[in-house]
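J.: Dropping in entry-v2.tsv, with TSV, C-alpha atoms.
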chain	number	residue	atom	x	y	z
V	249	MET	CA	-19.01	8.87	2.02
V	250	THR	CA	-16.68	9.20	4.92
V	251	ALA	CA	-16.95	5.53	5.73
V	252	PRO	CA	-13.30	5.14	6.79
V	253	MET	CA	-13.62	8.09	9.19
V	254	MET	CA	-16.85	6.81	10.66
V	255	ARG	CA	-15.38	3.36	11.08
V	256	VAL	CA	-12.43	4.83	12.90
V	257	ALA	CA	-14.83	6.59	15.23
V	258	ALA	CA	-16.79	3.35	15.69
V	259	ALA	CA	-13.62	1.38	16.38
V	260	ILE	CA	-12.47	3.97	18.90
V	261	ALA	CA	-15.89	3.96	20.59
V	262	ALA	CA	-15.75	0.16	20.72
V	263	VAL	CA	-12.31	0.29	22.27
V	264	GLY	CA	-13.61	2.70	24.90
V	265	ALA	CA	-16.62	0.54	25.67
V	266	VAL	CA	-14.80	-2.72	26.22
V	267	VAL	CA	-12.22	-1.48	28.69
V	268	THR	CA	-14.49	-2.33	31.62
V	269	PHE	CA	-15.03	-5.96	30.54
V	270	GLY	CA	-12.72	-8.89	31.16
V	271	ALA	CA	-9.43	-8.69	29.31
V	272	ALA	CA	-9.93	-11.78	27.14
V	273	LEU	CA	-13.44	-10.81	26.14
V	274	ALA	CA	-12.34	-7.26	25.45
V	275	GLN	CA	-9.54	-8.49	23.26
V	276	ASP	CA	-11.86	-10.69	21.19
V	277	ARG	CA	-14.41	-7.96	20.70
V	278	THR	CA	-11.76	-5.44	19.79
V	279	ALA	CA	-10.30	-7.85	17.26
V	280	ASP	CA	-13.79	-8.32	15.79
V	281	GLU	CA	-14.30	-4.59	15.50
V	282	ILE	CA	-10.93	-4.15	13.83
V	283	ALA	CA	-11.77	-6.97	11.41
V	284	LYS	CA	-15.00	-5.16	10.52
V	285	TYR	CA	-13.11	-1.93	10.05
V	286	ARG	CA	-10.66	-3.65	7.71
V	287	GLU	CA	-13.50	-5.15	5.71
V	288	ALA	CA	-15.12	-1.74	5.29
V	289	LEU	CA	-11.84	-0.33	4.02
V	290	GLN	CA	-11.30	-3.11	1.49
V	291	ASP	CA	-13.94	-1.73	-0.84
V	292	GLY	CA	-12.16	1.50	-1.62
V	293	ASN	CA	-8.47	0.81	-1.31
V	294	PRO	CA	-6.52	3.97	-2.22
V	295	ALA	CA	-3.66	1.66	-3.25
V	296	GLU	CA	-5.45	1.70	-6.62
V	297	LEU	CA	-4.53	5.35	-6.99
V	298	TYR	CA	-0.87	4.41	-6.51
V	299	GLU	CA	-1.18	1.55	-8.98
V	300	ALA	CA	-2.53	3.95	-11.60
V	301	ARG	CA	0.31	6.41	-11.01
V	302	GLY	CA	2.86	3.59	-11.05
V	303	GLU	CA	1.55	2.23	-14.35
V	304	GLU	CA	1.96	5.62	-15.98
V	305	MET	CA	5.50	5.88	-14.65
V	306	TRP	CA	6.33	2.35	-15.77
V	307	LYS	CA	5.52	3.17	-19.39
V	308	ALA	CA	7.03	6.66	-19.60
V	309	PRO	CA	10.66	7.29	-20.67
V	310	ARG	CA	12.66	8.28	-17.60
V	311	GLY	CA	16.04	9.51	-16.48
V	312	PRO	CA	18.99	10.96	-18.42
V	313	ASN	CA	18.85	8.01	-20.87
V	314	LYS	CA	15.11	8.42	-21.53
V	315	VAL	CA	14.50	4.71	-21.06
V	316	ALA	CA	11.16	3.35	-19.83
V	317	PHE	CA	10.76	0.49	-17.37
V	318	THR	CA	9.53	-1.57	-20.33
V	319	ALA	CA	13.25	-2.39	-20.74
V	320	CYS	CA	13.49	-3.56	-17.13
V	321	ASP	CA	13.64	-7.32	-16.63
V	322	LEU	CA	11.99	-8.42	-13.36
V	323	GLY	CA	12.85	-12.04	-14.11
V	324	GLN	CA	10.12	-12.77	-16.69
V	325	GLY	CA	11.73	-10.87	-19.58
V	326	PRO	CA	12.07	-7.14	-20.29
V	327	GLY	CA	9.00	-5.16	-19.27
V	328	VAL	CA	6.96	-8.20	-18.16
V	329	VAL	CA	5.18	-7.42	-14.89
V	330	LYS	CA	2.45	-10.07	-14.92
V	331	GLY	CA	3.35	-12.60	-12.25
V	332	ALA	CA	6.80	-11.11	-11.66
V	333	TYR	CA	6.31	-10.30	-7.99
V	334	VAL	CA	5.39	-13.81	-6.80
V	335	GLN	CA	8.80	-15.08	-7.99
V	336	LEU	CA	10.82	-12.37	-6.25
V	337	PRO	CA	13.36	-12.17	-4.69
V	338	ARG	CA	15.48	-14.05	-7.23
V	339	TYR	CA	19.06	-14.17	-8.44
V	340	PHE	CA	19.82	-11.87	-11.38
V	341	PRO	CA	22.98	-12.80	-13.32
V	342	ASP	CA	23.27	-9.31	-14.91
V	343	ALA	CA	23.47	-7.73	-11.45
V	344	ASN	CA	25.26	-10.77	-9.98
V	345	ARG	CA	23.07	-10.43	-6.93
V	346	VAL	CA	19.86	-11.65	-5.33
V	347	GLN	CA	17.36	-8.80	-5.60
V	348	ASP	CA	13.91	-8.09	-4.29
V	349	LEU	CA	11.46	-5.99	-6.27
V	350	GLU	CA	12.66	-2.68	-4.89
V	351	SER	CA	16.35	-3.33	-5.40
V	352	ARG	CA	15.59	-4.52	-8.92
V	353	LEU	CA	13.71	-1.29	-9.69
V	354	VAL	CA	16.66	0.71	-8.34
V	355	TRP	CA	19.03	-1.39	-10.44
V	356	CYS	CA	17.02	-0.64	-13.60
V	357	MET	CA	16.93	3.07	-12.75
V	358	VAL	CA	20.70	3.13	-12.34
V	359	HIS	CA	21.83	0.79	-15.12
V	360	GLN	CA	19.20	1.50	-17.77
V	361	GLN	CA	17.73	4.92	-17.09
V	362	GLY	CA	21.00	6.56	-16.08
V	363	TYR	CA	20.16	7.83	-12.60
V	364	THR	CA	22.84	7.76	-9.95
V	365	GLU	CA	22.33	5.42	-7.03
V	366	ALA	CA	21.73	8.44	-4.76
V	367	GLU	CA	19.07	9.88	-7.09
V	368	ALA	CA	17.31	6.55	-7.43
V	369	THR	CA	17.05	5.97	-3.68
V	370	LYS	CA	16.51	9.60	-2.63
V	371	GLN	CA	12.87	9.10	-1.60
V	372	PRO	CA	12.23	5.39	-1.05
V	373	PHE	CA	9.30	6.12	1.26
V	374	GLY	CA	6.77	8.91	0.75
V	375	ASN	CA	6.10	11.45	3.46
V	376	GLY	CA	3.28	13.95	3.08
V	377	SER	CA	3.87	16.13	0.05
V	378	LYS	CA	7.20	14.37	-0.68
V	379	ARG	CA	5.88	11.56	-2.80
V	380	SER	CA	7.85	8.43	-3.58
V	381	ASP	CA	8.07	7.17	-7.16
V	382	LEU	CA	9.26	3.80	-5.91
V	383	GLU	CA	6.13	3.26	-3.82
V	384	ALA	CA	3.90	3.87	-6.83
V	385	LEU	CA	6.00	1.62	-9.08
V	386	VAL	CA	5.90	-1.12	-6.46
V	387	ALA	CA	2.11	-0.77	-6.18
V	388	TYR	CA	1.73	-1.22	-9.92
V	389	VAL	CA	4.04	-4.24	-10.19
V	390	VAL	CA	2.65	-6.15	-7.21
V	391	GLY	CA	-0.92	-5.47	-8.35
V	392	GLN	CA	-0.12	-7.39	-11.53
V	393	SER	CA	0.45	-10.56	-9.49
V	394	ARG	CA	-2.84	-10.46	-7.58
V	395	GLY	CA	-4.34	-13.91	-7.18
V	396	MET	CA	-1.21	-15.78	-8.27
V	397	PRO	CA	0.44	-18.28	-5.91
V	398	MET	CA	3.73	-17.28	-4.28
V	399	ASN	CA	6.47	-19.22	-5.99
V	400	VAL	CA	9.97	-18.28	-4.83
V	401	SER	CA	12.64	-20.74	-5.85
V	402	LEU	CA	15.77	-21.60	-3.86
V	403	ASP	CA	17.31	-23.63	-6.69
V	404	ARG	CA	20.19	-21.20	-7.09
V	405	PRO	CA	22.95	-21.46	-4.46
V	406	GLN	CA	22.87	-17.65	-4.08
V	407	MET	CA	19.20	-17.90	-3.10
V	408	LYS	CA	19.94	-20.65	-0.58
V	409	ASP	CA	22.61	-18.45	1.01
V	410	MET	CA	20.23	-15.49	1.16
V	411	TYR	CA	17.52	-17.61	2.74
V	412	ALA	CA	19.94	-18.95	5.35
V	413	LEU	CA	21.13	-15.42	6.12
V	414	GLY	CA	17.57	-14.19	6.43
V	415	GLU	CA	16.67	-17.02	8.78
V	416	LYS	CA	19.69	-16.26	10.93
V	417	MET	CA	18.78	-12.57	11.08
V	418	PHE	CA	15.19	-13.39	11.98
V	419	PHE	CA	16.32	-15.15	15.15
V	420	PHE	CA	19.30	-12.88	15.89
V	421	ARG	CA	18.91	-10.98	19.15
V	422	GLY	CA	20.51	-7.57	19.52
V	423	GLY	CA	20.07	-3.86	20.06
V	424	THR	CA	19.37	-1.99	23.27
V	425	HIS	CA	16.26	-4.10	23.93
V	426	ASP	CA	17.90	-7.47	23.14
V	427	PHE	CA	15.20	-8.06	20.55
V	428	ALA	CA	14.96	-10.35	17.56
V	429	CYS	CA	12.26	-10.45	14.87
V	430	SER	CA	11.24	-13.72	16.52
V	431	THR	CA	10.64	-11.98	19.87
V	432	CYS	CA	7.37	-10.60	18.47
V	433	HIS	CA	6.85	-12.84	15.46
V	434	GLY	CA	7.86	-16.25	16.82
V	435	ASP	CA	4.76	-17.19	18.86
V	436	ASP	CA	1.02	-17.24	18.27
V	437	GLY	CA	-1.26	-14.67	19.84
V	438	LYS	CA	1.18	-11.79	20.36
V	439	ARG	CA	0.14	-8.17	20.02
V	440	ILE	CA	1.57	-4.67	19.95
V	441	ARG	CA	-1.17	-2.60	21.55
V	442	LEU	CA	-4.22	-3.58	19.47
V	443	GLN	CA	-2.36	-5.07	16.55
V	444	ASP	CA	-2.32	-8.84	16.34
V	445	LEU	CA	1.10	-9.98	15.19
V	446	PRO	CA	1.51	-12.87	12.77
V	447	ASN	CA	3.68	-15.78	13.83
V	448	LEU	CA	6.09	-15.73	10.91
V	449	THR	CA	7.74	-19.00	11.83
V	450	THR	CA	4.60	-20.88	10.76
V	451	ARG	CA	3.64	-21.31	7.14
V	452	HIS	CA	0.17	-19.90	7.72
V	453	GLY	CA	1.48	-16.84	9.54
V	454	ALA	CA	4.12	-16.06	6.92
V	455	GLN	CA	1.60	-16.53	4.11
V	456	LYS	CA	-1.00	-14.27	5.68
V	457	ALA	CA	1.51	-11.51	6.36
V	458	TYR	CA	3.59	-11.63	3.19
V	459	THR	CA	0.68	-11.81	0.75
V	460	THR	CA	-0.96	-8.63	2.13
V	461	TRP	CA	2.12	-6.42	1.86
V	462	PRO	CA	2.83	-3.92	0.27
V	463	ALA	CA	-0.24	-2.14	1.60
V	464	TYR	CA	-1.94	1.22	1.92
V	465	ARG	CA	-1.63	2.39	5.53
V	466	VAL	CA	-4.74	4.41	6.34
V	467	SER	CA	-3.17	6.03	9.42
V	468	GLN	CA	-0.29	7.33	7.31
V	469	GLY	CA	-2.14	7.94	4.06
V	470	GLU	CA	0.66	6.28	2.12
V	471	LEU	CA	1.29	3.07	0.26
V	472	ARG	CA	3.99	1.21	2.15
V	473	THR	CA	6.39	-1.25	0.55
V	474	PHE	CA	7.88	-4.39	2.02
V	475	GLU	CA	11.22	-2.70	2.65
V	476	TRP	CA	9.33	-0.01	4.55
V	477	ARG	CA	7.74	-2.73	6.70
V	478	LEU	CA	11.13	-4.22	7.55
V	479	ASN	CA	12.63	-0.76	8.09
V	480	ASP	CA	9.93	0.13	10.58
V	481	CYS	CA	10.30	-3.22	12.41
V	482	PHE	CA	13.99	-2.42	12.81
V	483	ARG	CA	13.09	1.01	14.22
V	484	GLN	CA	10.66	-0.55	16.68
V	485	GLN	CA	13.36	-2.99	17.81
V	486	ARG	CA	15.81	-0.08	18.22
V	487	PHE	CA	18.14	-1.72	15.72
V	488	PRO	CA	20.45	0.36	13.51
V	489	GLU	CA	18.54	1.70	10.51
V	490	LEU	CA	18.04	-0.94	7.86
V	491	ALA	CA	19.71	0.40	4.71
V	492	TYR	CA	17.44	0.54	1.67
V	493	ASP	CA	18.35	-1.96	-1.04
V	494	SER	CA	20.78	-3.73	1.34
V	495	ASP	CA	21.54	-7.44	1.42
V	496	ALA	CA	20.14	-7.50	4.97
V	497	ALA	CA	16.73	-6.32	3.74
V	498	ILE	CA	16.82	-8.70	0.78
V	499	ALA	CA	17.81	-11.66	2.98
V	500	LEU	CA	14.89	-11.14	5.37
V	501	THR	CA	12.54	-10.67	2.41
V	502	THR	CA	13.82	-13.90	0.87
V	503	TYR	CA	13.26	-15.79	4.12
V	504	LEU	CA	9.68	-14.54	4.48
V	505	ALA	CA	8.76	-14.76	0.79
V	506	TYR	CA	9.91	-18.38	0.54
V	507	ASN	CA	8.01	-19.29	3.72
V	508	ALA	CA	4.88	-17.81	2.11
V	509	ASN	CA	5.14	-20.07	-0.97
V	510	GLY	CA	1.90	-21.62	-2.16
V	511	ALA	CA	-0.45	-18.88	-0.91
V	512	ALA	CA	-2.25	-16.65	-3.39
V	513	TYR	CA	-0.81	-13.15	-3.46
V	514	ASP	CA	-3.46	-10.67	-2.31
V	515	GLY	CA	-1.86	-7.23	-2.46
V	516	PRO	CA	-1.54	-4.38	-2.48
V	517	GLY	CA	-3.50	-4.66	0.75
V	518	ILE	CA	-4.95	-2.13	3.12
V	519	LYS	CA	-3.97	-1.78	6.77
V	520	ARG	CA	-5.29	0.35	9.60
P	64	MET	CA	-3.44	19.41	-12.47
P	65	PRO	CA	-4.57	17.05	-9.70
P	66	ASP	CA	-4.23	13.30	-10.19
P	67	PRO	CA	-7.19	11.43	-11.69
P	68	MET	CA	-9.95	9.70	-9.72
P	69	LYS	CA	-10.86	6.05	-9.98
P	70	ILE	CA	-14.54	5.58	-10.70
P	71	ARG	CA	-16.55	2.37	-10.88
P	72	ALA	CA	-20.26	2.43	-11.72
P	73	ASN	CA	-22.40	-0.71	-11.78
P	74	HIS	CA	-26.07	-1.03	-12.60
P	75	SER	CA	-28.27	-3.72	-11.11
P	76	GLY	CA	-32.04	-3.82	-10.73
P	77	ASP	CA	-33.15	-0.20	-10.89
P	78	THR	CA	-30.21	1.34	-9.08
P	79	THR	CA	-26.71	2.30	-10.06
P	80	GLU	CA	-23.95	2.01	-7.49
P	81	VAL	CA	-21.02	4.37	-7.92
P	82	LYS	CA	-17.71	4.00	-6.13
P	83	VAL	CA	-15.14	6.75	-6.37
P	84	LEU	CA	-11.58	7.01	-5.08
P	85	MET	CA	-10.16	10.53	-5.13
P	86	ASN	CA	-6.56	11.63	-4.98
P	87	HIS	CA	-6.33	14.42	-2.45
P	88	GLU	CA	-4.18	15.40	0.54
P	89	MET	CA	-7.20	16.61	2.61
P	90	GLU	CA	-5.01	18.64	4.95
P	91	THR	CA	-7.02	19.81	7.97
P	92	GLY	CA	-5.14	23.01	8.82
P	93	GLN	CA	-4.69	21.67	12.37
P	94	ARG	CA	-1.33	20.00	11.87
P	95	LYS	CA	2.16	21.42	12.17
P	96	ASP	CA	5.24	20.53	10.17
P	97	SER	CA	8.65	19.60	11.63
P	98	GLN	CA	9.51	23.31	12.01
P	99	GLY	CA	6.36	23.92	14.06
P	100	LYS	CA	4.64	25.89	11.32
P	101	VAL	CA	0.96	25.23	10.70
P	102	ILE	CA	0.33	23.31	7.49
P	103	PRO	CA	-2.39	25.29	5.71
P	104	ALA	CA	-5.77	23.67	5.25
P	105	TRP	CA	-6.31	22.11	1.85
P	106	PHE	CA	-9.39	20.02	1.29
P	107	ILE	CA	-12.19	19.26	-1.14
P	108	GLN	CA	-15.17	21.54	-0.57
P	109	THR	CA	-17.78	20.51	-3.10
P	110	VAL	CA	-18.43	17.26	-4.89
P	111	THR	CA	-20.94	16.90	-7.69
P	112	ALA	CA	-22.04	13.77	-9.52
P	113	THR	CA	-24.04	14.00	-12.71
P	114	CYS	CA	-25.61	11.42	-14.99
P	115	ASN	CA	-27.07	12.41	-18.38
P	116	GLY	CA	-26.70	16.06	-17.44
P	117	LYS	CA	-28.74	15.63	-14.26
P	118	THR	CA	-27.18	16.13	-10.85
P	119	VAL	CA	-27.57	12.93	-8.84
P	120	LEU	CA	-25.45	13.91	-5.87
P	121	SER	CA	-24.01	17.12	-4.54
P	122	ALA	CA	-22.04	17.33	-1.35
P	123	GLN	CA	-20.23	19.89	0.74
P	124	TRP	CA	-17.17	18.51	2.42
P	125	GLY	CA	-14.94	19.78	5.17
P	126	PRO	CA	-11.51	19.01	6.61
P	127	ALA	CA	-12.81	15.99	8.57
P	128	VAL	CA	-12.85	13.79	5.48
P	129	ALA	CA	-9.89	11.40	5.21
P	130	LYS	CA	-6.96	11.69	2.84
P	131	ASN	CA	-7.54	10.01	-0.53
P	132	PRO	CA	-11.31	9.89	0.12
P	133	PHE	CA	-13.56	7.04	-0.92
P	134	LEU	CA	-17.13	7.91	-1.87
P	135	SER	CA	-19.83	5.35	-2.53
P	136	PHE	CA	-23.44	6.12	-3.37
P	137	LYS	CA	-26.47	4.74	-5.20
P	138	PHE	CA	-29.00	6.46	-7.41
P	139	LYS	CA	-32.00	5.48	-9.47
P	140	GLY	CA	-32.51	6.24	-13.13
P	141	GLY	CA	-29.17	5.32	-14.67
P	142	ALA	CA	-28.78	2.70	-17.38
P	143	LYS	CA	-25.90	0.60	-18.66
P	144	GLY	CA	-23.77	2.62	-21.06
P	145	ASP	CA	-24.68	5.98	-19.54
P	146	LYS	CA	-21.87	8.22	-18.40
P	147	VAL	CA	-21.39	9.31	-14.80
P	148	GLN	CA	-19.34	12.41	-14.17
P	149	ILE	CA	-17.78	13.26	-10.84
P	150	ALA	CA	-16.33	16.68	-10.18
P	151	TRP	CA	-14.75	18.24	-7.13
P	152	VAL	CA	-13.48	21.69	-6.21
P	153	ASP	CA	-11.13	22.27	-3.29
P	154	ASN	CA	-10.57	25.32	-1.11
P	155	ARG	CA	-7.69	26.46	-3.32
P	156	GLY	CA	-10.00	26.48	-6.31
P	157	GLU	CA	-8.33	23.47	-7.90
P	158	LYS	CA	-10.72	21.24	-9.82
P	159	ARG	CA	-10.88	17.78	-11.17
P	160	MET	CA	-13.52	16.06	-13.26
P	161	ASP	CA	-13.55	12.42	-14.32
P	162	GLU	CA	-16.02	10.24	-16.14
P	163	ALA	CA	-16.97	6.57	-16.14
P	164	THR	CA	-19.38	4.45	-18.13
P	165	ILE	CA	-22.02	2.53	-16.21
P	166	ALA	CA	-21.43	-1.20	-16.56
Spell out the structure here as structure tokens.
T.:
Amino acid sequence: MTAPMMRVAAAIAAVGAVVTFGAALAQDRTADEIAKYREALQDGNPAELYEARGEEMWKAPRGPNKVAFTACDLGQGPGVVKGAYVQLPRYFPDANRVQDLESRLVWCMVHQQGYTEAEATKQPFGNGSKRSDLEALVAYVVGQSRGMPMNVSLDRPQMKDMYALGEKMFFFRGGTHDFACSTCHGDDGKRIRLQDLPNLTTRHGAQKAYTTWPAYRVSQGELRTFEWRLNDCFRQQRFPELAYDSDAAIALTTYLAYNANGAAYDGPGIKR
Amino acid sequence: MPDPMKIRANHSGDTTEVKVLMNHEMETGQRKDSQGKVIPAWFIQTVTATCNGKTVLSAQWGPAVAKNPFLSFKFKGGAKGDKVQIAWVDNRGEKRMDEATIA
């Protein structure tokens, strides 16, 4: 019934209990408990609720032009969502730009449905009663690629440039803390408090991380998109705010998505 | 009208396992917004599950249940093809009822 709540309590109790033990042992046991907690959550992932809402929105006529997303081409033809996410980001000639899923959705809202850019990106991330349409749409689209192998292509020169830019950004140190993405995500076995951090410079690490985002964050009660993940990493590094739908966000996404190639996509996931 | 639930019901052996995801804010009444004002409590109070017109589960919930709650339970006596109905009422009197077929 209230399994998630009880698991939280159990995890907290476990955390309290292990403080007195040796640090390494404590860390292992805590990680085990968190793994159990995650497993318990997997059964009833509220991301499904977002997928259902997103599917409805995908099919309904929207905006001043009354056009549905069924006219939106995610790279597999207008309205095709099956398997679209595992090949994103990609270069779109009509937009003359490399786009990730979220920028492509915004592009369709602006160029097909008739919203202004400001309207389309007004609420990229939900917050309490202010729900985000984009989060639900993302949940629906990514859910349609579940189980398919990541397959991002760098054949286009524009994609190669984006990848190179993303790689450069990943290792670029800056901000008040002189941080780079690689400061936390460039070695094995790093943590922020109790959260194990993936080493995104390895294929395995990138695959494990990329294929489980977007995800429902239990602690926030929201479905979080990949741009949200990057945005929050920037905040934690005390970098300037990462602009939504910016080339910077798309470049980092391209870098990580390509590094995750070959792994089966497993989202939308669920995180603590 | 509140958003729909997601219901899965599977029969195996002599028991039926039902898994329900509900769309609800489940606001505790303990939190404050950015202006410092208390956000009023808003949560599901009663949940009822019926199968073939018979109540198989009834529950009283409080504000300690998580947002977008997940409910899983088993009962005896269902059969494949039967309908399971889940209904909830929250403290504002809003209601939602959804139905699934046992597979």
J.: Grab the CA of Ile149 (chain P) to CA of Thr109 (chain P) distance for me, in Å with one decimal place.
T.: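 Atom-to-atom, CA of Ile149 (chain P) to CA of Thr109 (chain P), that is 10.6 Å.
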J.: For Glu88 (chain P), which residue among P:Ile70, P:Val101, P:Ala112, P:Ala129 is the nearest when counting all atoms listed in the file?
T.: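 Counting all atoms listed in the file, the residue closest to Glu88 (chain P) is P:Ala129.
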J.: Pick out the closest residue to Val386 (chain V) from this set: V:Ala308, V:Val358, V:Cys481, V:Ala300. Count all atoms listed in the file.
T.: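 The answer is V:Ala300, which sits nearest to Val386 (chain V).
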J.: Work out where the centre of an axis-aligned box around every listed atom of region 327-341 of chain V lies and how long its edges are once 4 Å is added on each side; give both in Å to one decimal as AutoDock Vina command-line options.
T.:
--center_x 12.7 --center_y -10.1 --center_z -12.0 --size_x 28.5 --size_y 17.9 --size_z 22.6
J.: Using only C-alpha atoms and a cut-off of 12 Å, which residues of chain P sit close to chain V? Please list them as a compact mmCIF listing (two decimals) with C-alpha atoms, in the frame of the given file.
T.:
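Result file out-v8.txt:
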# COMPACT_ATOMS: atom_id res chain seq x y z
CA PRO P 65 -4.57 17.05 -9.70
CA ASP P 66 -4.23 13.30 -10.19
CA PRO P 67 -7.19 11.43 -11.69
CA MET P 68 -9.95 9.70 -9.72
CA LYS P 69 -10.86 6.05 -9.98
CA ILE P 70 -14.54 5.58 -10.70
CA ARG P 71 -16.55 2.37 -10.88
CA VAL P 81 -21.02 4.37 -7.92
CA LYS P 82 -17.71 4.00 -6.13
CA VAL P 83 -15.14 6.75 -6.37
CA LEU P 84 -11.58 7.01 -5.08
CA MET P 85 -10.16 10.53 -5.13
CA ASN P 86 -6.56 11.63 -4.98
CA HIS P 87 -6.33 14.42 -2.45
CA GLU P 88 -4.18 15.40 0.54
CA MET P 89 -7.20 16.61 2.61
CA GLU P 90 -5.01 18.64 4.95
CA ARG P 94 -1.33 20.00 11.87
CA LYS P 95 2.16 21.42 12.17
CA ASP P 96 5.24 20.53 10.17
CA SER P 97 8.65 19.60 11.63
CA ILE P 102 0.33 23.31 7.49
CA TRP P 105 -6.31 22.11 1.85
CA VAL P 110 -18.43 17.26 -4.89
CA LEU P 120 -25.45 13.91 -5.87
CA SER P 121 -24.01 17.12 -4.54
CA ALA P 122 -22.04 17.33 -1.35
CA GLN P 123 -20.23 19.89 0.74
CA TRP P 124 -17.17 18.51 2.42
CA GLY P 125 -14.94 19.78 5.17
CA PRO P 126 -11.51 19.01 6.61
CA ALA P 127 -12.81 15.99 8.57
CA VAL P 128 -12.85 13.79 5.48
CA ALA P 129 -9.89 11.40 5.21
CA LYS P 130 -6.96 11.69 2.84
CA ASN P 131 -7.54 10.01 -0.53
CA PRO P 132 -11.31 9.89 0.12
CA PHE P 133 -13.56 7.04 -0.92
CA LEU P 134 -17.13 7.91 -1.87
CA SER P 135 -19.83 5.35 -2.53
CA PHE P 136 -23.44 6.12 -3.37
CA LYS P 137 -26.47 4.74 -5.20
J.: Could you tell me how far CA of Gly302 (chain V) lies from CA of Tyr388 (chain V), in Å and to one decimal?
T.: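 CA of Tyr388 (chain V) lies 5.1 Å from CA of Gly302 (chain V).
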J.: Please compute the CA of Asp145 (chain P)-CA of Arg159 (chain P) distance, one decimal, in Å.
T.: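 Distance between the two atoms: 20.0 Å.
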J.: So which residues touch Ala279 (chain V) within 9 Å, counting all atoms listed in the file, skipping near sequence neighbours fewer than 5 positions away, as a short mmCIF file (atom, residue, chain, number, x, y, z; two decimals) with C-alpha atoms, in the frame of the given file?
T.:
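File written: selection-v9.cif
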data_model
loop_
_atom_site.label_atom_id
_atom_site.label_comp_id
_atom_site.auth_asym_id
_atom_site.auth_seq_id
_atom_site.Cartn_x
_atom_site.Cartn_y
_atom_site.Cartn_z
CA ALA V 274 -12.34 -7.26 25.45
CA LYS V 284 -15.00 -5.16 10.52
CA LEU V 442 -4.22 -3.58 19.47
CA GLN V 443 -2.36 -5.07 16.55
CA ASP V 444 -2.32 -8.84 16.34
#
J.: Which one is closest to Leu336 (chain V): V:Glu475, V:Glu281, V:Asp348, V:Glu365? Count all atoms listed in the file.
T.: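 Closest candidate: V:Asp348.
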J.: Need the shell around Ala166 (chain P): protein/DNA/RNA residues with any atom at most 9 Å away, counting only C-alpha atoms. Skip same-chain ones fewer than 2 positions apart. Format as a PyMOL selection string?
T.: chain P and resi 71-74+142-145+163-164
J.: Pick from V:Lys519, V:Arg472, V:Arg345, V:Arg439: nearest to Glu383 (chain V), with all atoms listed in the file counted?
T.: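 So, comparing all the options, the nearest one is V:Arg472.
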J.: For each of V:Thr278, V:Asn399, V:Asn313, V:Thr431, take the minimum atom-to-atom distance to Ala505 (chain V), counting all atoms listed in the file, then give the residue where this is smallest.
T.: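 That would be V:Asn399, the residue with the smallest distance to Ala505 (chain V).
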J.: So that I can check the surroundings of Arg352 (chain V), please list as a ChimeraX atom specification every protein, DNA and RNA residue that reaches within 10 Å of it, counting all atoms listed in the file and ignoring chain neighbours fewer than 3 positions away.
T.: /V:320-323,336-338,340,343,345-349,355-358,493
